[in-house]
>>> print(open('query_8.tsv').read())   # TSV, C-alpha atoms
chain	number	residue	atom	x	y	z
O	1	MET	CA	35.97	20.82	-41.69
O	2	LYS	CA	34.90	17.69	-43.51
O	3	LEU	CA	36.54	15.58	-40.82
O	4	ARG	CA	34.58	17.43	-38.13
O	5	ARG	CA	31.32	16.88	-39.99
O	6	LEU	CA	32.18	13.20	-40.45
O	7	ALA	CA	32.97	12.85	-36.77
O	8	LEU	CA	29.70	14.59	-35.85
O	9	GLY	CA	27.78	12.33	-38.21
O	10	ILE	CA	29.33	9.22	-36.68
O	11	ALA	CA	28.52	10.50	-33.18
O	12	LEU	CA	24.89	11.18	-34.07
O	13	ALA	CA	24.57	7.80	-35.76
O	14	THR	CA	25.96	6.17	-32.62
O	15	LEU	CA	23.54	8.03	-30.35
O	16	ALA	CA	20.46	7.43	-32.51
O	17	PRO	CA	19.84	3.83	-31.38
O	18	VAL	CA	20.35	4.93	-27.77
O	19	ALA	CA	17.75	7.70	-28.15
O	20	ALA	CA	15.31	5.32	-29.80
O	21	HIS	CA	15.88	2.76	-27.08
O	22	ALA	CA	15.36	5.40	-24.38
O	23	GLN	CA	11.82	5.85	-25.65
O	24	GLU	CA	11.04	2.23	-24.85
O	25	VAL	CA	9.78	1.83	-21.29
O	26	VAL	CA	9.40	-1.58	-19.68
O	27	LEU	CA	6.92	-1.56	-16.81
O	28	LYS	CA	7.26	-4.16	-14.06
O	29	VAL	CA	3.72	-5.32	-13.29
O	30	ALA	CA	3.24	-7.50	-10.21
O	31	HIS	CA	0.35	-9.40	-8.66
O	32	PHE	CA	-0.29	-12.33	-6.32
O	33	LEU	CA	-2.20	-14.95	-8.34
O	34	PRO	CA	-0.83	-17.52	-10.81
O	35	PRO	CA	-0.62	-16.72	-14.54
O	36	VAL	CA	-3.61	-18.99	-15.26
O	37	SER	CA	-5.90	-16.84	-13.09
O	38	PRO	CA	-8.63	-14.77	-14.81
O	39	ALA	CA	-7.11	-11.59	-13.38
O	40	HIS	CA	-3.90	-12.31	-15.29
O	41	THR	CA	-5.39	-13.61	-18.54
O	42	LYS	CA	-8.54	-11.48	-18.88
O	43	PHE	CA	-7.44	-8.18	-17.39
O	44	ILE	CA	-3.73	-7.60	-16.77
O	45	ALA	CA	-2.30	-9.18	-19.94
O	46	PRO	CA	-4.93	-7.58	-22.24
O	47	TRP	CA	-4.37	-4.20	-20.60
O	48	CYS	CA	-0.63	-4.54	-21.18
O	49	ASP	CA	-1.20	-5.56	-24.81
O	50	LYS	CA	-3.39	-2.52	-25.31
O	51	ILE	CA	-0.90	0.03	-24.00
O	52	ALA	CA	1.84	-1.63	-26.07
O	53	ALA	CA	-0.26	-1.31	-29.23
O	54	GLU	CA	-1.34	2.27	-28.55
O	55	SER	CA	2.23	3.35	-27.76
O	56	GLN	CA	3.54	1.59	-30.89
O	57	GLY	CA	5.69	-0.63	-28.73
O	58	LYS	CA	7.19	2.13	-26.60
O	59	LEU	CA	5.39	0.89	-23.50
O	60	LYS	CA	5.86	-2.76	-22.62
O	61	CYS	CA	4.99	-4.83	-19.58
O	62	GLN	CA	7.05	-7.43	-17.83
O	63	ILE	CA	4.45	-9.23	-15.73
O	64	TYR	CA	5.45	-10.92	-12.48
O	65	PRO	CA	2.56	-13.14	-11.28
O	66	ALA	CA	2.41	-15.11	-8.04
O	67	MET	CA	4.69	-12.70	-6.15
O	68	GLN	CA	7.68	-13.42	-8.38
O	69	LEU	CA	9.31	-10.18	-7.25
O	70	GLY	CA	9.38	-11.61	-3.73
O	71	GLY	CA	7.48	-10.79	-0.59
O	72	THR	CA	3.88	-11.53	0.34
O	73	PRO	CA	0.61	-10.15	-1.06
O	74	PRO	CA	0.27	-7.50	1.71
O	75	GLN	CA	3.67	-6.12	0.62
O	76	LEU	CA	2.55	-5.30	-2.93
O	77	LEU	CA	1.47	-1.86	-1.80
O	78	SER	CA	4.92	-1.07	-0.45
O	79	GLN	CA	6.53	-2.54	-3.56
O	80	VAL	CA	4.74	-0.12	-5.87
O	81	ARG	CA	5.27	2.85	-3.57
O	82	ASP	CA	8.98	2.05	-3.26
O	83	GLY	CA	9.44	1.39	-6.98
O	84	VAL	CA	10.23	-2.33	-6.66
O	85	ALA	CA	7.30	-2.72	-9.05
O	86	ASP	CA	6.01	-0.05	-11.40
O	87	ILE	CA	2.40	-1.26	-11.36
O	88	VAL	CA	0.59	-3.67	-9.05
O	89	TRP	CA	-2.81	-5.23	-8.70
O	90	THR	CA	-3.71	-5.68	-5.05
O	91	LEU	CA	-6.50	-5.54	-2.48
O	92	PRO	CA	-6.47	-2.63	-0.01
O	93	GLY	CA	-7.98	-5.07	2.49
O	94	TYR	CA	-4.61	-6.82	2.70
O	95	THR	CA	-3.22	-3.74	4.50
O	96	PRO	CA	-5.83	-2.86	7.17
O	97	GLY	CA	-5.96	0.78	8.17
O	98	ARG	CA	-4.24	2.13	5.04
O	99	PHE	CA	-7.47	2.93	3.16
O	100	PRO	CA	-9.91	3.99	5.89
O	101	LEU	CA	-12.33	5.95	3.70
O	102	SER	CA	-12.50	3.95	0.46
O	103	GLU	CA	-13.01	0.90	2.71
O	104	VAL	CA	-16.68	1.99	2.91
O	105	PHE	CA	-17.40	-0.09	-0.20
O	106	GLU	CA	-16.49	-3.24	1.74
O	107	LEU	CA	-19.29	-2.78	4.27
O	108	PRO	CA	-22.04	-5.44	4.32
O	109	PHE	CA	-24.92	-4.91	1.89
O	110	ALA	CA	-23.57	-1.50	0.79
O	111	THR	CA	-23.01	-2.14	-2.92
O	112	THR	CA	-24.95	-3.07	-6.06
O	113	THR	CA	-23.61	-4.58	-9.30
O	114	PRO	CA	-19.85	-4.83	-9.85
O	115	GLU	CA	-19.82	-2.44	-12.83
O	116	ALA	CA	-21.94	0.20	-11.07
O	117	THR	CA	-19.97	-0.07	-7.86
O	118	SER	CA	-16.64	0.12	-9.68
O	119	ARG	CA	-17.66	3.40	-11.31
O	120	ALA	CA	-18.89	4.63	-7.93
O	121	LEU	CA	-15.61	3.64	-6.25
O	122	TRP	CA	-13.58	5.60	-8.81
O	123	ASP	CA	-15.68	8.72	-8.27
O	124	PHE	CA	-15.66	8.37	-4.49
O	125	ILE	CA	-11.88	7.96	-4.27
O	126	HIS	CA	-11.15	10.94	-6.48
O	127	LYS	CA	-13.47	13.15	-4.46
O	128	ASN	CA	-12.76	11.92	-0.94
O	129	ALA	CA	-9.81	9.57	-0.61
O	130	MET	CA	-6.88	10.49	-2.88
O	131	LYS	CA	-4.69	11.01	0.19
O	132	GLU	CA	-4.84	7.24	0.65
O	133	PHE	CA	-3.05	6.89	-2.69
O	134	ALA	CA	-0.02	9.06	-1.90
O	135	GLY	CA	2.88	8.05	-4.15
O	136	MET	CA	0.56	6.12	-6.44
O	137	LYS	CA	-1.44	6.89	-9.56
O	138	PRO	CA	-4.73	4.94	-9.71
O	139	ILE	CA	-5.27	3.25	-13.08
O	140	ALA	CA	-8.41	1.34	-12.14
O	141	THR	CA	-10.38	0.79	-8.93
O	142	TRP	CA	-13.14	-1.80	-8.85
O	143	VAL	CA	-15.00	-4.52	-7.01
O	144	PRO	CA	-15.32	-8.12	-8.19
O	145	GLY	CA	-18.50	-10.14	-8.10
O	146	PRO	CA	-20.23	-10.78	-4.76
O	147	TYR	CA	-18.40	-12.99	-2.32
O	148	VAL	CA	-19.73	-16.52	-1.96
O	149	PHE	CA	-19.47	-18.83	1.05
O	150	HIS	CA	-17.56	-22.03	0.32
O	151	PHE	CA	-17.80	-24.70	3.02
O	152	ARG	CA	-15.72	-27.87	3.40
O	153	ASP	CA	-18.14	-30.32	4.93
O	154	LYS	CA	-21.19	-28.52	6.29
O	155	GLN	CA	-24.21	-27.00	4.55
O	156	VAL	CA	-25.05	-23.72	6.25
O	157	LYS	CA	-28.66	-22.56	5.98
O	158	THR	CA	-29.12	-20.42	9.10
O	159	LEU	CA	-27.18	-18.18	11.45
O	160	ASP	CA	-27.17	-20.99	13.99
O	161	ASP	CA	-25.48	-23.26	11.44
O	162	LEU	CA	-22.70	-20.69	10.94
O	163	LYS	CA	-22.07	-20.09	14.63
O	164	GLY	CA	-18.49	-20.82	15.67
O	165	MET	CA	-17.31	-21.93	12.23
O	166	LYS	CA	-13.82	-20.83	11.21
O	167	VAL	CA	-14.23	-18.92	7.94
O	168	ARG	CA	-11.75	-16.97	5.85
O	169	ALA	CA	-12.62	-13.37	4.93
O	170	PRO	CA	-10.79	-10.95	2.62
O	171	SER	CA	-10.56	-7.85	4.78
O	172	ARG	CA	-10.88	-6.15	8.14
O	173	LEU	CA	-14.55	-5.40	7.56
O	174	GLY	CA	-15.12	-8.91	6.22
O	175	ASN	CA	-13.78	-10.25	9.51
O	176	LYS	CA	-16.06	-7.94	11.47
O	177	MET	CA	-19.02	-9.05	9.40
O	178	LEU	CA	-18.30	-12.72	10.07
O	179	SER	CA	-18.02	-11.99	13.80
O	180	SER	CA	-21.39	-10.23	13.71
O	181	LEU	CA	-22.86	-13.39	12.18
O	182	GLY	CA	-21.42	-15.59	14.92
O	183	ALA	CA	-18.62	-17.15	12.89
O	184	THR	CA	-14.94	-17.16	13.84
O	185	PRO	CA	-13.15	-15.03	11.23
O	186	VAL	CA	-9.71	-16.02	9.98
O	187	GLY	CA	-7.98	-13.36	7.90
O	188	MET	CA	-5.57	-14.43	5.18
O	189	PRO	CA	-4.68	-13.63	1.55
O	190	VAL	CA	-6.11	-15.88	-1.17
O	191	PRO	CA	-2.84	-17.80	-1.82
O	192	GLN	CA	-2.90	-19.15	1.76
O	193	MET	CA	-6.56	-20.11	1.66
O	194	ALA	CA	-6.35	-23.35	-0.34
O	195	GLU	CA	-3.85	-24.98	1.99
O	196	SER	CA	-5.83	-23.87	5.03
O	197	LEU	CA	-8.99	-25.40	3.58
O	198	SER	CA	-7.28	-28.66	2.63
O	199	LYS	CA	-5.79	-29.06	6.12
O	200	GLY	CA	-8.98	-28.09	7.92
O	201	VAL	CA	-7.43	-25.01	9.50
O	202	ILE	CA	-10.56	-23.23	8.26
O	203	GLU	CA	-13.99	-24.73	7.64
O	204	GLY	CA	-15.03	-22.30	4.97
O	205	ALA	CA	-13.99	-19.27	2.96
O	206	MET	CA	-15.52	-16.22	1.37
O	207	ILE	CA	-14.28	-15.59	-2.16
O	208	PRO	CA	-15.96	-14.63	-5.44
O	209	TRP	CA	-16.59	-17.40	-7.97
O	210	GLU	CA	-13.79	-16.24	-10.28
O	211	VAL	CA	-11.11	-17.25	-7.77
O	212	VAL	CA	-12.40	-20.83	-7.55
O	213	PRO	CA	-10.59	-22.46	-10.54
O	214	SER	CA	-7.10	-21.10	-9.85
O	215	THR	CA	-7.31	-22.02	-6.15
O	216	LYS	CA	-9.16	-25.35	-6.73
O	217	THR	CA	-11.69	-24.30	-4.12
O	218	HIS	CA	-14.34	-26.40	-5.88
O	219	GLU	CA	-12.24	-29.49	-5.10
O	220	LEU	CA	-11.71	-28.52	-1.47
O	221	THR	CA	-15.35	-27.78	-0.62
O	222	LYS	CA	-18.72	-29.53	-0.94
O	223	PHE	CA	-21.20	-26.73	-0.24
O	224	ASN	CA	-21.18	-23.33	-1.92
O	225	MET	CA	-23.68	-20.73	-0.75
O	226	GLU	CA	-24.69	-17.57	-2.60
O	227	VAL	CA	-26.48	-14.66	-0.94
O	228	ALA	CA	-28.99	-13.52	-3.53
O	229	GLY	CA	-30.36	-9.99	-3.75
O	230	ASP	CA	-29.85	-6.63	-5.44
O	231	ARG	CA	-27.02	-5.77	-3.03
O	232	ALA	CA	-23.84	-7.70	-2.36
O	233	MET	CA	-23.52	-9.07	1.15
O	234	LEU	CA	-19.78	-8.60	0.89
O	235	THR	CA	-17.29	-7.57	-1.71
O	236	SER	CA	-13.76	-6.20	-1.65
O	237	THR	CA	-12.13	-3.21	-3.27
O	238	MET	CA	-9.33	-3.88	-5.73
O	239	ILE	CA	-6.82	-1.45	-7.17
O	240	PHE	CA	-4.48	-1.34	-10.16
O	241	VAL	CA	-1.99	1.41	-9.34
O	242	MET	CA	1.21	2.83	-10.77
O	243	ASN	CA	4.22	4.30	-9.00
O	244	GLN	CA	3.68	8.05	-9.28
O	245	LYS	CA	7.34	8.85	-9.92
O	246	LYS	CA	7.46	6.29	-12.73
O	247	TYR	CA	4.39	7.88	-14.31
O	248	ASP	CA	5.86	11.38	-13.89
O	249	SER	CA	9.06	10.24	-15.64
O	250	LEU	CA	7.22	9.30	-18.83
O	251	PRO	CA	7.16	11.64	-21.84
O	252	ALA	CA	3.81	13.30	-22.49
O	253	GLU	CA	2.84	10.92	-25.32
O	254	LEU	CA	3.27	7.88	-23.07
O	255	LYS	CA	1.50	9.51	-20.15
O	256	LYS	CA	-1.44	9.97	-22.49
O	257	VAL	CA	-1.48	6.25	-23.29
O	258	ILE	CA	-1.64	5.44	-19.58
O	259	ASP	CA	-4.32	8.10	-19.05
O	260	ASP	CA	-6.38	6.78	-21.95
O	261	ASN	CA	-6.35	3.37	-20.32
O	262	SER	CA	-7.24	4.55	-16.83
O	263	GLY	CA	-10.39	5.80	-15.19
O	264	ARG	CA	-14.02	5.14	-14.42
O	265	ASP	CA	-14.86	3.22	-17.58
O	266	VAL	CA	-11.67	1.14	-17.42
O	267	SER	CA	-12.59	0.26	-13.83
O	268	ALA	CA	-16.02	-0.94	-14.97
O	269	TRP	CA	-14.40	-2.90	-17.83
O	270	VAL	CA	-12.14	-4.71	-15.36
O	271	SER	CA	-15.11	-5.63	-13.16
O	272	THR	CA	-16.84	-7.04	-16.26
O	273	GLN	CA	-13.88	-9.37	-16.87
O	274	PHE	CA	-14.22	-10.62	-13.30
O	275	ARG	CA	-17.99	-11.09	-13.73
O	276	GLU	CA	-17.42	-13.28	-16.79
O	277	ALA	CA	-14.87	-15.29	-14.85
O	278	ASP	CA	-17.43	-15.67	-12.03
O	279	ALA	CA	-19.75	-17.53	-14.41
O	280	ALA	CA	-16.95	-19.91	-15.37
O	281	GLY	CA	-16.01	-20.60	-11.75
O	282	ARG	CA	-19.61	-21.27	-10.79
O	283	LYS	CA	-20.13	-23.59	-13.77
O	284	LEU	CA	-17.03	-25.60	-12.86
O	285	THR	CA	-18.28	-26.02	-9.29
O	286	VAL	CA	-21.74	-27.15	-10.40
O	287	GLU	CA	-20.27	-29.61	-12.90
O	288	ARG	CA	-18.12	-31.16	-10.19
O	289	GLY	CA	-21.28	-32.03	-8.30
O	290	ASN	CA	-20.99	-29.64	-5.37
O	291	THR	CA	-24.17	-28.44	-3.68
O	292	VAL	CA	-24.55	-24.87	-4.97
O	293	TYR	CA	-27.47	-23.08	-3.33
O	294	SER	CA	-28.83	-19.67	-2.26
O	295	LEU	CA	-29.54	-18.47	1.25
O	296	ALA	CA	-33.31	-18.25	1.72
O	297	PRO	CA	-34.71	-14.68	1.36
O	298	GLU	CA	-36.15	-14.63	4.87
O	299	GLU	CA	-32.77	-15.70	6.21
O	300	VAL	CA	-30.99	-12.96	4.21
O	301	SER	CA	-33.05	-10.39	6.13
O	302	LYS	CA	-31.80	-11.83	9.42
O	303	TRP	CA	-28.19	-11.74	8.23
O	304	GLU	CA	-28.57	-8.16	7.07
O	305	ALA	CA	-29.96	-7.12	10.45
O	306	ALA	CA	-27.13	-8.93	12.24
O	307	THR	CA	-24.48	-7.06	10.25
O	308	LYS	CA	-25.83	-3.52	10.76
O	309	PRO	CA	-23.59	-2.93	13.80
O	310	VAL	CA	-20.55	-3.30	11.50
O	311	THR	CA	-21.70	-0.30	9.45
O	312	GLU	CA	-22.57	1.70	12.57
O	313	GLU	CA	-19.15	1.00	14.06
O	314	TRP	CA	-17.39	2.05	10.83
O	315	ILE	CA	-19.31	5.33	10.80
O	316	LYS	CA	-18.25	6.04	14.40
O	317	GLU	CA	-14.61	5.11	13.70
O	318	VAL	CA	-14.34	7.40	10.68
O	319	SER	CA	-16.22	10.24	12.35
O	320	SER	CA	-13.80	10.13	15.30
O	321	LYS	CA	-11.05	11.10	12.85
O	322	GLY	CA	-12.73	14.36	11.93
O	323	VAL	CA	-14.83	13.45	8.91
O	324	ASP	CA	-18.55	12.85	8.55
O	325	GLY	CA	-18.78	9.06	8.42
O	326	LYS	CA	-22.53	8.96	7.87
O	327	LYS	CA	-22.27	11.37	4.95
O	328	LEU	CA	-19.49	9.32	3.34
O	329	TYR	CA	-21.45	6.10	3.78
O	330	ASP	CA	-24.59	7.61	2.28
O	331	GLU	CA	-22.58	9.03	-0.63
O	332	ALA	CA	-20.97	5.65	-1.39
O	333	VAL	CA	-24.33	3.85	-1.32
O	334	SER	CA	-25.99	6.56	-3.43
O	335	LEU	CA	-23.22	6.45	-6.05
O	336	SER	CA	-23.43	2.67	-6.33
O	337	GLN	CA	-27.21	2.74	-6.62
O	338	GLY	CA	-27.11	5.64	-9.08
O	339	TYR	CA	-24.80	3.88	-11.52
O	340	ALA	CA	-26.93	0.72	-11.22
O	341	LYS	CA	-30.02	2.48	-12.66
>>> encode(input="query_8.tsv", output="structure tokens")
Amino acid sequence: MKLRRLALGIALATLAPVAAHAQEVVLKVAHFLPPVSPAHTKFIAPWCDKIAAESQGKLKCQIYPAMQLGGTPPQLLSQVRDGVADIVWTLPGYTPGRFPLSEVFELPFATTTPEATSRALWDFIHKNAMKEFAGMKPIATWVPGPYVFHFRDKQVKTLDDLKGMKVRAPSRLGNKMLSSLGATPVGMPVPQMAESLSKGVIEGAMIPWEVVPSTKTHELTKFNMEVAGDRAMLTSTMIFVMNQKKYDSLPAELKKVIDDNSGRDVSAWVSTQFREADAAGRKLTVERGNTVYSLAPEEVSKWEAATKPVTEEWIKEVSSKGVDGKKLYDEAVSLSQGYAK
């Protein structure tokens, strides 16, 4: 009897470390920018530190920046759905057609401040577009600061100045917007942009200020044009999503940690980190001696009028699929404006 108890005790002692270890979950977190980028240092790494602290070390991140898990930025979505990565940060615009409804926030002049729009995007997705996130659990959904025009050699002040110029845009709707303005859109992920600018493959690019330092855009351009106003001329939606099966596999206490660090307010917090990084990117560009300027207000009105067909076309496209495109557009705009008050 004593021998049996001793054997049982030894067995339990042997299993104890295994059980304790089983409670530790390492999450593979992937994204497409270098580890010096604001997205990595101000958002992803702090988020990972927070869930580690709140889980008492049971949740840990292994971060893979700059596509270290292989593939290209447009493949991040498949990587998280297939479980190659547990969590990814990506842009829906890199996979055109996969997010047809939440894409509404990428329409020209449709959004307000980043924080307000990020809250609006979270609400909109959970009411209207969760089917687009099949196999994924949204952790945060947001927009960065407004996109800025960065030109290699030419200062653009009017629509005529922009006509025919090859300019990089972040998304399908960004490309359509550039076409409506008379430019020649060139779609590509951010990591390809710097080389294309340096070689003259493109004459300009649309990116928010925060991307400038990590891509050295301030060194590759001379003229940097903002479009001032209470609405962003263009922005892009961004998502931080988790493989649904990985989330479902977690014990309740760890699911709660993820849940506590997800949602509308977390989305707004992420957009704030990007806004702060915008200021740093703009400052660096000014200090280098680039010509940083704003499009004249009377010219903004012309650009807004020129881009209206993009919104009208989106409404028709979505409505042809059996939903009320005008209603969805109005709801997105109203949500963004409502949170901005």
>>> closest_residue(input="query_8.tsv", among="O:Leu101, O:Val148, O:Met238, O:Ile139", to="Val292 of chain O", atoms="all atoms listed in the file")
O:Val148
>>> closest_residue(input="query_8.tsv", among="O:His218, O:Lys42, O:Arg172, O:Lys137", to="Phe149 of chain O", atoms="only C-alpha atoms")
O:His218
>>> residues_around(input="query_8.tsv", residues="segment 283-287 of chain O", least_positions_apart="3", cutoff="12 Å", atoms="only C-alpha atoms", output="PyMOL selection string")
chain O and resi 150+209-214+216-225+276-280+290-293
>>> write_last_selection(input="query_8.tsv", atoms="C-alpha atoms", output="mmCIF file, keeping the file's coordinate frame")
data_model
loop_
_atom_site.group_PDB
_atom_site.id
_atom_site.type_symbol
_atom_site.label_atom_id
_atom_site.label_comp_id
_atom_site.auth_asym_id
_atom_site.auth_seq_id
_atom_site.Cartn_x
_atom_site.Cartn_y
_atom_site.Cartn_z
ATOM 1 C CA HIS O 150 -17.560 -22.030 0.320
ATOM 2 C CA TRP O 209 -16.590 -17.400 -7.970
ATOM 3 C CA GLU O 210 -13.790 -16.240 -10.280
ATOM 4 C CA VAL O 211 -11.110 -17.250 -7.770
ATOM 5 C CA VAL O 212 -12.400 -20.830 -7.550
ATOM 6 C CA PRO O 213 -10.590 -22.460 -10.540
ATOM 7 C CA SER O 214 -7.100 -21.100 -9.850
ATOM 8 C CA LYS O 216 -9.160 -25.350 -6.730
ATOM 9 C CA THR O 217 -11.690 -24.300 -4.120
ATOM 10 C CA HIS O 218 -14.340 -26.400 -5.880
ATOM 11 C CA GLU O 219 -12.240 -29.490 -5.100
ATOM 12 C CA LEU O 220 -11.710 -28.520 -1.470
ATOM 13 C CA THR O 221 -15.350 -27.780 -0.620
ATOM 14 C CA LYS O 222 -18.720 -29.530 -0.940
ATOM 15 C CA PHE O 223 -21.200 -26.730 -0.240
ATOM 16 C CA ASN O 224 -21.180 -23.330 -1.920
ATOM 17 C CA MET O 225 -23.680 -20.730 -0.750
ATOM 18 C CA GLU O 276 -17.420 -13.280 -16.790
ATOM 19 C CA ALA O 277 -14.870 -15.290 -14.850
ATOM 20 C CA ASP O 278 -17.430 -15.670 -12.030
ATOM 21 C CA ALA O 279 -19.750 -17.530 -14.410
ATOM 22 C CA ALA O 280 -16.950 -19.910 -15.370
ATOM 23 C CA ASN O 290 -20.990 -29.640 -5.370
ATOM 24 C CA THR O 291 -24.170 -28.440 -3.680
ATOM 25 C CA VAL O 292 -24.550 -24.870 -4.970
ATOM 26 C CA TYR O 293 -27.470 -23.080 -3.330
#
>>> closest_atom_pairs(input="query_8.tsv", of="segment 206-247 of chain O", to="segment 106-109 of chain O", cutoff="6 Å", atoms="all atoms listed in the file", output="CSV")
residue,atom,partner,partner_atom,distance
O:Arg231,CA,O:Phe109,CA,5.4
O:Ala232,CA,O:Phe109,CA,5.2
O:Met233,CA,O:Phe109,CA,4.5
O:Leu234,CA,O:Pro108,CA,5.2
O:Thr235,CA,O:Glu106,CA,5.6
O:Ser236,CA,O:Glu106,CA,5.3
>>> residues_near_point(input="query_8.tsv", point="(4.6, -2.5, -8.1)", cutoff="7 Å", atoms="all atoms listed in the file", output="compact mmCIF listing (two decimals) with C-alpha atoms, in the coordinates of the input")
# COMPACT_ATOMS: atom_id res chain seq x y z
CA LYS O 28 7.26 -4.16 -14.06
CA VAL O 29 3.72 -5.32 -13.29
CA ALA O 30 3.24 -7.50 -10.21
CA LEU O 76 2.55 -5.30 -2.93
CA GLN O 79 6.53 -2.54 -3.56
CA VAL O 80 4.74 -0.12 -5.87
CA GLY O 83 9.44 1.39 -6.98
CA VAL O 84 10.23 -2.33 -6.66
CA ALA O 85 7.30 -2.72 -9.05
CA ASP O 86 6.01 -0.05 -11.40
CA ILE O 87 2.40 -1.26 -11.36
CA VAL O 88 0.59 -3.67 -9.05
CA MET O 242 1.21 2.83 -10.77
CA ASN O 243 4.22 4.30 -9.00
>>> closest_residue(input="query_8.tsv", among="O:Leu197, O:Val143, O:Val300, O:Ala340", to="Pro114 of chain O", atoms="only C-alpha atoms")
O:Val143
>>> closest_residue(input="query_8.tsv", among="O:Val333, O:Ala45, O:Ala306, O:Ile125", to="Tyr64 of chain O", atoms="only C-alpha atoms")
O:Ala45
>>> closest_residue(input="query_8.tsv", among="O:Gly145, O:Gly97, O:Gly70, O:Pro185", to="Glu226 of chain O", atoms="only C-alpha atoms")
O:Gly145
>>> closest_residue(input="query_8.tsv", among="O:Lys154, O:Arg119, O:Lys246, O:Lys302", to="Val227 of chain O", atoms="all atoms listed in the file")
O:Lys302
>>> atom_distance(input="query_8.tsv", atom1="atom CA of Ile51 of chain O", atom2="atom CA of Ala129 of chain O")
26.8 Å
>>> axis_aligned_box(input="query_8.tsv", around="segment 123-133 of chain O", padding_each_side="3 Å", output="JSON")
{"center_x": -9.4, "center_y": 10.0, "center_z": -3.8, "size_x": 18.6, "size_y": 12.3, "size_z": 14.9}
>>> atom_distance(input="query_8.tsv", atom1="atom CA of Val156 of chain O", atom2="atom CA of Val190 of chain O")
21.8 Å
>>> build_atoms(input="query_8.tsv", residues="segment 112-124 of chain O", atoms="N, CA, C and O atoms", output="PDB file, in the frame of the given file")
ATOM      1  N   THR O 112     -24.043  -2.463  -5.073  1.00  0.00           N
ATOM      2  CA  THR O 112     -24.950  -3.070  -6.060  1.00  0.00           C
ATOM      3  C   THR O 112     -24.140  -3.940  -7.019  1.00  0.00           C
ATOM      4  O   THR O 112     -23.346  -4.755  -6.591  1.00  0.00           O
ATOM      5  N   THR O 113     -24.318  -3.743  -8.324  1.00  0.00           N
ATOM      6  CA  THR O 113     -23.610  -4.580  -9.300  1.00  0.00           C
ATOM      7  C   THR O 113     -22.128  -4.198  -9.355  1.00  0.00           C
ATOM      8  O   THR O 113     -21.751  -3.073  -9.011  1.00  0.00           O
ATOM      9  N   PRO O 114     -21.282  -5.132  -9.783  1.00  0.00           N
ATOM     10  CA  PRO O 114     -19.850  -4.830  -9.850  1.00  0.00           C
ATOM     11  C   PRO O 114     -19.523  -3.618 -10.726  1.00  0.00           C
ATOM     12  O   PRO O 114     -18.719  -2.768 -10.336  1.00  0.00           O
ATOM     13  N   GLU O 115     -20.138  -3.544 -11.915  1.00  0.00           N
ATOM     14  CA  GLU O 115     -19.820  -2.440 -12.830  1.00  0.00           C
ATOM     15  C   GLU O 115     -20.239  -1.091 -12.230  1.00  0.00           C
ATOM     16  O   GLU O 115     -19.486  -0.114 -12.267  1.00  0.00           O
ATOM     17  N   ALA O 116     -21.451  -1.042 -11.672  1.00  0.00           N
ATOM     18  CA  ALA O 116     -21.940   0.200 -11.070  1.00  0.00           C
ATOM     19  C   ALA O 116     -21.078   0.598  -9.880  1.00  0.00           C
ATOM     20  O   ALA O 116     -20.692   1.772  -9.730  1.00  0.00           O
ATOM     21  N   THR O 117     -20.758  -0.370  -9.050  1.00  0.00           N
ATOM     22  CA  THR O 117     -19.970  -0.070  -7.860  1.00  0.00           C
ATOM     23  C   THR O 117     -18.551   0.331  -8.214  1.00  0.00           C
ATOM     24  O   THR O 117     -17.943   1.177  -7.541  1.00  0.00           O
ATOM     25  N   SER O 118     -18.000  -0.239  -9.265  1.00  0.00           N
ATOM     26  CA  SER O 118     -16.640   0.120  -9.680  1.00  0.00           C
ATOM     27  C   SER O 118     -16.583   1.568 -10.154  1.00  0.00           C
ATOM     28  O   SER O 118     -15.631   2.294  -9.844  1.00  0.00           O
ATOM     29  N   ARG O 119     -17.585   1.989 -10.905  1.00  0.00           N
ATOM     30  CA  ARG O 119     -17.660   3.400 -11.310  1.00  0.00           C
ATOM     31  C   ARG O 119     -17.811   4.299 -10.077  1.00  0.00           C
ATOM     32  O   ARG O 119     -17.176   5.357  -9.960  1.00  0.00           O
ATOM     33  N   ALA O 120     -18.657   3.864  -9.152  1.00  0.00           N
ATOM     34  CA  ALA O 120     -18.890   4.630  -7.930  1.00  0.00           C
ATOM     35  C   ALA O 120     -17.604   4.741  -7.101  1.00  0.00           C
ATOM     36  O   ALA O 120     -17.279   5.811  -6.565  1.00  0.00           O
ATOM     37  N   LEU O 121     -16.861   3.645  -7.013  1.00  0.00           N
ATOM     38  CA  LEU O 121     -15.610   3.640  -6.250  1.00  0.00           C
ATOM     39  C   LEU O 121     -14.610   4.625  -6.833  1.00  0.00           C
ATOM     40  O   LEU O 121     -13.947   5.367  -6.094  1.00  0.00           O
ATOM     41  N   TRP O 122     -14.500   4.654  -8.160  1.00  0.00           N
ATOM     42  CA  TRP O 122     -13.580   5.600  -8.810  1.00  0.00           C
ATOM     43  C   TRP O 122     -13.956   7.042  -8.467  1.00  0.00           C
ATOM     44  O   TRP O 122     -13.099   7.838  -8.070  1.00  0.00           O
ATOM     45  N   ASP O 123     -15.227   7.360  -8.576  1.00  0.00           N
ATOM     46  CA  ASP O 123     -15.680   8.720  -8.270  1.00  0.00           C
ATOM     47  C   ASP O 123     -15.440   9.066  -6.803  1.00  0.00           C
ATOM     48  O   ASP O 123     -14.968  10.165  -6.471  1.00  0.00           O
ATOM     49  N   PHE O 124     -15.774   8.139  -5.932  1.00  0.00           N
ATOM     50  CA  PHE O 124     -15.660   8.370  -4.490  1.00  0.00           C
ATOM     51  C   PHE O 124     -14.202   8.626  -4.098  1.00  0.00           C
ATOM     52  O   PHE O 124     -13.901   9.553  -3.341  1.00  0.00           O
TER      53      PHE O 124
END
